[in-house]
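S.K.: For reference, this is start-v4.cif, and it has mmCIF, C-alpha atoms.
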data_target
#
loop_
_atom_site.label_atom_id
_atom_site.label_comp_id
_atom_site.auth_asym_id
_atom_site.auth_seq_id
_atom_site.Cartn_x
_atom_site.Cartn_y
_atom_site.Cartn_z
CA MET A 1384 89.26 146.24 138.88
CA GLN A 1385 92.22 144.24 140.14
CA ASN A 1386 89.98 141.20 140.84
CA ARG A 1387 88.69 141.33 137.23
CA TYR A 1388 92.26 141.42 135.93
CA GLN A 1389 93.26 138.43 138.08
CA LEU A 1390 90.18 136.54 136.94
CA ALA A 1391 90.94 137.30 133.27
CA VAL A 1392 94.55 136.15 133.70
CA ALA A 1393 93.37 132.95 135.40
CA ILE A 1394 90.91 132.23 132.56
CA VAL A 1395 93.53 132.86 129.86
CA ALA A 1396 96.08 130.69 131.68
CA SER A 1397 93.51 127.94 132.04
CA LEU A 1398 92.63 128.06 128.34
CA LEU A 1399 96.25 128.06 127.25
CA SER A 1400 97.25 125.18 129.50
CA GLY A 1401 94.13 123.06 128.81
CA PRO A 1402 95.41 121.29 125.70
CA VAL A 1403 98.65 120.37 127.46
CA PHE A 1404 96.76 118.50 130.17
CA ALA A 1405 94.34 116.97 127.67
CA GLN A 1406 97.04 115.20 125.64
CA SER A 1407 96.85 111.43 125.74
CA ALA A 1408 99.64 109.09 126.72
CA ILE A 1409 101.97 107.82 124.02
CA GLU A 1410 100.32 104.98 122.12
CA HIS A 1411 101.67 101.52 122.96
CA HIS A 1412 100.56 98.12 121.62
CA VAL A 1413 101.26 94.53 122.67
CA TRP A 1414 103.18 93.67 119.48
CA GLN A 1415 105.78 96.28 120.47
CA ASP A 1416 106.86 94.17 123.46
CA GLU A 1417 109.32 91.29 123.34
CA ARG A 1418 107.07 88.36 124.19
CA GLU A 1419 105.44 85.13 123.11
CA PHE A 1420 101.81 84.76 122.07
CA GLU A 1421 99.96 81.44 122.24
CA PRO A 1422 97.55 80.60 119.42
CA PHE A 1423 93.86 81.34 119.99
CA SER A 1424 92.39 80.54 116.58
CA ARG A 1425 92.49 77.13 114.93
CA THR A 1426 94.35 78.62 111.96
CA ALA A 1427 97.07 79.96 114.25
CA GLU A 1428 97.27 76.63 116.06
CA ALA A 1429 97.52 74.63 112.81
CA ILE A 1430 99.77 76.93 110.79
CA THR A 1431 102.01 79.09 112.97
CA GLY A 1432 101.83 77.69 116.48
CA ALA A 1433 102.95 80.10 119.16
CA ILE A 1434 104.77 83.17 117.86
CA ARG A 1435 107.52 85.18 119.51
CA LEU A 1436 108.05 88.85 118.70
CA SER A 1437 111.40 90.52 119.34
CA GLY A 1438 109.68 93.81 120.16
CA ASN A 1439 109.88 97.22 118.56
CA ASN A 1440 109.56 100.32 120.74
CA GLN A 1441 109.36 102.62 117.70
CA PHE A 1442 105.63 102.36 117.00
CA ALA A 1443 104.65 103.25 113.43
CA THR A 1444 108.16 104.39 112.54
CA PRO A 1445 108.77 103.42 108.91
CA GLY A 1446 111.97 101.42 108.61
CA SER A 1447 112.00 100.21 112.23
CA LYS A 1448 112.58 96.47 112.53
CA MET A 1449 111.23 93.53 114.48
CA THR A 1450 111.62 89.74 114.22
CA ILE A 1451 108.85 87.15 114.37
CA THR A 1452 109.68 83.56 115.29
CA PHE A 1453 107.11 80.89 114.44
CA GLY A 1454 106.35 77.72 116.41
CA ASN A 1455 108.72 75.61 114.31
CA GLY A 1456 111.63 78.01 114.97
CA LYS A 1457 111.64 79.82 111.61
CA LYS A 1458 112.46 83.52 111.96
CA VAL A 1459 111.56 86.39 109.67
CA GLN A 1460 112.57 90.03 109.88
CA LEU A 1461 109.75 92.56 109.63
CA THR A 1462 110.13 96.23 108.67
CA SER A 1463 107.45 98.73 109.66
CA VAL A 1464 105.82 100.69 106.87
CA GLY A 1465 103.58 102.62 109.28
CA ALA A 1466 100.25 102.43 111.08
CA SER A 1467 96.68 103.47 110.51
CA GLN A 1468 93.30 103.40 112.16
CA ARG A 1469 90.93 101.52 109.87
CA GLN A 1470 88.96 98.27 109.75
CA TRP A 1471 91.57 95.56 110.32
CA ASP A 1472 89.54 92.75 111.88
CA ASP A 1473 87.85 90.28 109.53
CA VAL A 1474 84.93 89.79 111.97
CA ASP A 1475 84.40 93.23 113.52
CA ASP A 1476 83.97 96.28 111.30
CA LYS A 1477 85.03 98.84 113.94
CA MET A 1478 88.04 101.08 113.37
CA MET A 1479 91.22 100.03 115.18
CA THR A 1480 94.90 100.90 115.12
CA ALA A 1481 97.14 98.49 113.29
CA GLU A 1482 100.76 98.47 112.21
CA VAL A 1483 101.79 97.17 108.79
CA PHE A 1484 105.11 95.34 108.40
CA LYS A 1485 106.91 94.31 105.22
CA VAL A 1486 108.12 90.70 105.38
CA ALA A 1487 111.82 90.35 104.47
CA GLN A 1488 111.22 86.85 103.10
CA ASP A 1489 108.35 84.40 103.28
CA PRO A 1490 108.97 81.84 106.05
CA GLY A 1491 107.97 78.96 103.77
CA THR A 1492 106.50 75.81 105.28
CA LEU A 1493 105.48 76.17 108.91
CA LEU A 1494 103.49 73.62 110.95
CA ASN A 1495 101.70 70.63 109.42
CA GLY A 1496 103.04 71.45 105.95
CA ASN A 1497 101.13 74.77 105.94
CA THR A 1498 102.23 78.23 104.80
CA LEU A 1499 101.03 81.73 105.70
CA CYS A 1500 99.80 82.34 102.15
CA GLY A 1501 99.24 80.31 99.02
CA LYS A 1502 102.12 82.18 97.41
CA ALA A 1503 104.57 84.25 99.44
CA ALA A 1504 103.51 86.44 102.38
CA THR A 1505 104.79 89.97 101.80
CA PHE A 1506 103.05 91.93 104.58
CA LEU A 1507 101.93 91.16 108.14
CA VAL A 1508 99.53 93.49 109.92
CA PHE A 1509 99.22 93.48 113.74
CA HIS A 1510 96.20 94.77 115.66
CA GLU A 1511 94.53 94.21 119.02
CA THR A 1512 91.03 92.77 119.15
CA SER A 1513 88.81 90.70 121.44
CA SER A 1514 86.61 87.63 121.25
CA PHE A 1515 84.16 86.54 123.93
CA GLY A 1516 86.00 88.62 126.54
CA ASP A 1517 89.51 87.45 125.58
CA SER A 1518 92.05 90.08 124.52
CA LEU A 1519 93.76 88.99 121.33
CA LEU A 1520 96.60 89.90 119.03
CA GLY A 1521 95.27 89.72 115.48
CA VAL A 1522 97.66 89.14 112.60
CA ALA A 1523 96.60 89.45 108.97
CA ALA A 1524 98.89 88.10 106.23
CA PHE A 1525 98.90 89.61 102.73
CA GLU A 1526 100.62 88.59 99.52
CA GLY A 1527 101.51 90.81 96.57
CA SER A 1528 103.44 94.04 96.18
CA GLU A 1529 100.63 96.41 97.18
CA GLU A 1530 100.76 97.59 100.80
CA PRO A 1531 97.44 96.76 102.52
CA LYS A 1532 95.29 99.72 103.58
CA ASP A 1533 92.67 97.72 105.53
CA ILE A 1534 91.39 94.15 105.95
CA ASN A 1535 89.60 94.34 102.59
CA SER A 1536 92.79 95.13 100.65
CA PRO A 1537 93.78 92.83 97.79
CA GLY A 1538 96.08 89.96 98.70
CA LEU A 1539 94.61 88.98 102.09
CA CYS A 1540 95.60 85.33 102.47
CA GLY A 1541 95.29 84.52 106.17
CA THR A 1542 94.17 85.79 109.56
CA PHE A 1543 95.50 84.50 112.85
CA ASN A 1544 94.62 85.28 116.48
CA TYR A 1545 96.79 84.88 119.57
CA VAL A 1546 96.04 85.20 123.28
CA ILE A 1547 97.25 88.31 125.09
CA ASP A 1548 98.12 87.27 128.66
#
Kindly transcribe the structure held in the file into structure tokens.

M.R.:
Amino acid sequence: MQNRYQLAVAIVASLLSGPVFAQSAIEHHVWQDEREFEPFSRTAEAITGAIRLSGNNQFATPGSKMTITFGNGKKVQLTSVGASQRQWDDVDDKMMTAEVFKVAQDPGTLLNGNTLCGKAATFLVFHETSSFGDSLLGVAAFEGSEEPKDINSPGLCGTFNYVID
């Protein structure tokens, strides 16, 4: 009888502690780190050049701030509006986590007389992707007042890819 009781207690303890051990690590993405990203795509090379992110350790926390610096030295403050797992890549239709940032002000003319959008960029969306074995930081630029929900949202005006070293 005592062995059955000990076995039952062990099973209950195992069941109760299972979810604790099954929890995943806290989500962390490359755009949260203070670092520079070299252009991978021709659009990134021609329009933005290398970008530098100030970092933001508060993933998907609405109101948290980060700064992006473009290749010509122009800086723009970004404010997180949250994150989601949806289709964010314009080539691959798989679901991926991305964080949406509101742009404080459009950076205007960047490299070679180019801009992020035809009008003013109002949102930048960061996600991680890959191409031919290279790990990339993908950035989608949107214009308009409507927060993008996925890559097919209205206002998409540019996509840029950067090498993750």

S.K.: Considering all atoms listed in the file, state which residue in the set A:Ala1466, A:Leu1520, A:Leu1499, A:Ala1429 is at the smallest distance from Val1546 in chain A.

M.R.: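 Result for the nearest residue to Val1546 in chain A: A:Leu1520.
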
S.K.: Can you tell me, as a list in words, what residues are no more than 12 Å from Gln1441 in chain A when counting all atoms listed in the file, ignoring any on the same chain fewer than 2 positions away?

M.R.: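 My reading of the contact set: Ile1409, Glu1410, His1411, His1412, Trp1414, Gln1415, Asp1416, Gly1438, Asn1439, Ala1443, Thr1444, Pro1445, Gly1446, Ser1447, Lys1448, Met1449, Thr1462, Ser1463, Val1464, Gly1465, Ala1466 and Glu1482 of chain A.
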
S.K.: Once the PyMOL selection byres ((chain A and resi 1514) around 10) has been applied to the shown file, what residues remain in the selection, as a PDB file with C-alpha atoms, in the frame of the given file?

M.R.:
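What follows is the written file result.pdb:
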ATOM      1  CA  PHE A1423      93.860  81.340 119.990  1.00  0.00           C
ATOM      2  CA  VAL A1474      84.930  89.790 111.970  1.00  0.00           C
ATOM      3  CA  ASP A1475      84.400  93.230 113.520  1.00  0.00           C
ATOM      4  CA  THR A1512      91.030  92.770 119.150  1.00  0.00           C
ATOM      5  CA  SER A1513      88.810  90.700 121.440  1.00  0.00           C
ATOM      6  CA  PHE A1515      84.160  86.540 123.930  1.00  0.00           C
ATOM      7  CA  GLY A1516      86.000  88.620 126.540  1.00  0.00           C
ATOM      8  CA  ASP A1517      89.510  87.450 125.580  1.00  0.00           C
ATOM      9  CA  SER A1518      92.050  90.080 124.520  1.00  0.00           C
ATOM     10  CA  LEU A1519      93.760  88.990 121.330  1.00  0.00           C
ATOM     11  CA  ASN A1544      94.620  85.280 116.480  1.00  0.00           C
ATOM     12  CA  VAL A1546      96.040  85.200 123.280  1.00  0.00           C
TER      13      VAL A1546
END

S.K.: Measuring atom to atom with all atoms listed in the file, identify which of A:Ser1437, A:Gln1460, A:Asn1455, A:Thr1450 is nearest to Thr1498 in chain A.

M.R.: A:Asn1455

S.K.: Mind pulling up the distance from CA of Lys1457 in chain A to CA of Gly1501 in chain A?

M.R.: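 Computing it gives 17.7 Å between the two atoms.
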
S.K.: Which one of A:Glu1511, A:Phe1525, A:Gly1491, A:Cys1500 sits closest to Thr1426 in chain A if you count only C-alpha atoms?

M.R.: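 Among the listed residues, the smallest separation from Thr1426 in chain A belongs to A:Cys1500.
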
S.K.: Show me as number ranges by chain the residues that reach within 7 Å of (96.1, 94.3, 110.9), counting all atoms listed in the file and using the file's own coordinates.

M.R.: A: 1471-1472, 1481-1483, 1508-1510, 1521-1523, 1534

S.K.: Could you save those same residues with C-alpha atoms as a PDB file, in the coordinates of the input?

M.R.:
ATOM      1  CA  TRP A1471      91.570  95.560 110.320  1.00  0.00           C
ATOM      2  CA  ASP A1472      89.540  92.750 111.880  1.00  0.00           C
ATOM      3  CA  ALA A1481      97.140  98.490 113.290  1.00  0.00           C
ATOM      4  CA  GLU A1482     100.760  98.470 112.210  1.00  0.00           C
ATOM      5  CA  VAL A1483     101.790  97.170 108.790  1.00  0.00           C
ATOM      6  CA  VAL A1508      99.530  93.490 109.920  1.00  0.00           C
ATOM      7  CA  PHE A1509      99.220  93.480 113.740  1.00  0.00           C
ATOM      8  CA  HIS A1510      96.200  94.770 115.660  1.00  0.00           C
ATOM      9  CA  GLY A1521      95.270  89.720 115.480  1.00  0.00           C
ATOM     10  CA  VAL A1522      97.660  89.140 112.600  1.00  0.00           C
ATOM     11  CA  ALA A1523      96.600  89.450 108.970  1.00  0.00           C
ATOM     12  CA  ILE A1534      91.390  94.150 105.950  1.00  0.00           C
TER      13      ILE A1534
END

S.K.: In Å, how far is it from CA of Leu1493 in chain A to CA of Val1459 in chain A?

M.R.: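 These atoms are spaced 11.9 Å apart.
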
S.K.: Near Met1479 in chain A, counting all atoms listed in the file, which residues have an atom at most 7 Å away, once you skip same-chain residues fewer than 4 positions from it, shown as number ranges by chain?

M.R.: A: 1468-1471

S.K.: Between CA of Ala1503 in chain A and CA of Arg1425 in chain A, what is the distance in Å, rounded to a tenth?

M.R.: 20.9 Å

S.K.: Report the residues retrieved by the PyMOL selection byres ((chain A and resi 1420) around 6) from the displayed file, expressed as a list in words.

M.R.: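 On this input, the PyMOL selection byres ((chain A and resi 1420) around 6) captures Glu1419, Glu1421, Ala1433, Ile1434, Tyr1545 and Val1546 of chain A.
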
S.K.: Would you please work out which residue, of A:Thr1480, A:Phe1453, A:Phe1506, A:Lys1532, is nearest to Glu1428 in chain A when using all atoms listed in the file?

M.R.: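 For Glu1428 in chain A, the nearest of the given residues is A:Phe1453.
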
S.K.: Using the chain letters and residue numbers of this document, give as JSON, numbers by chain the residues selected by the PyMOL selection byres ((chain A and resi 1527) around 12).

M.R.: {"A": [1485, 1486, 1489, 1500, 1501, 1502, 1503, 1504, 1505, 1506, 1507, 1524, 1525, 1526, 1528, 1529, 1530, 1531, 1536, 1537, 1538, 1539, 1540]}
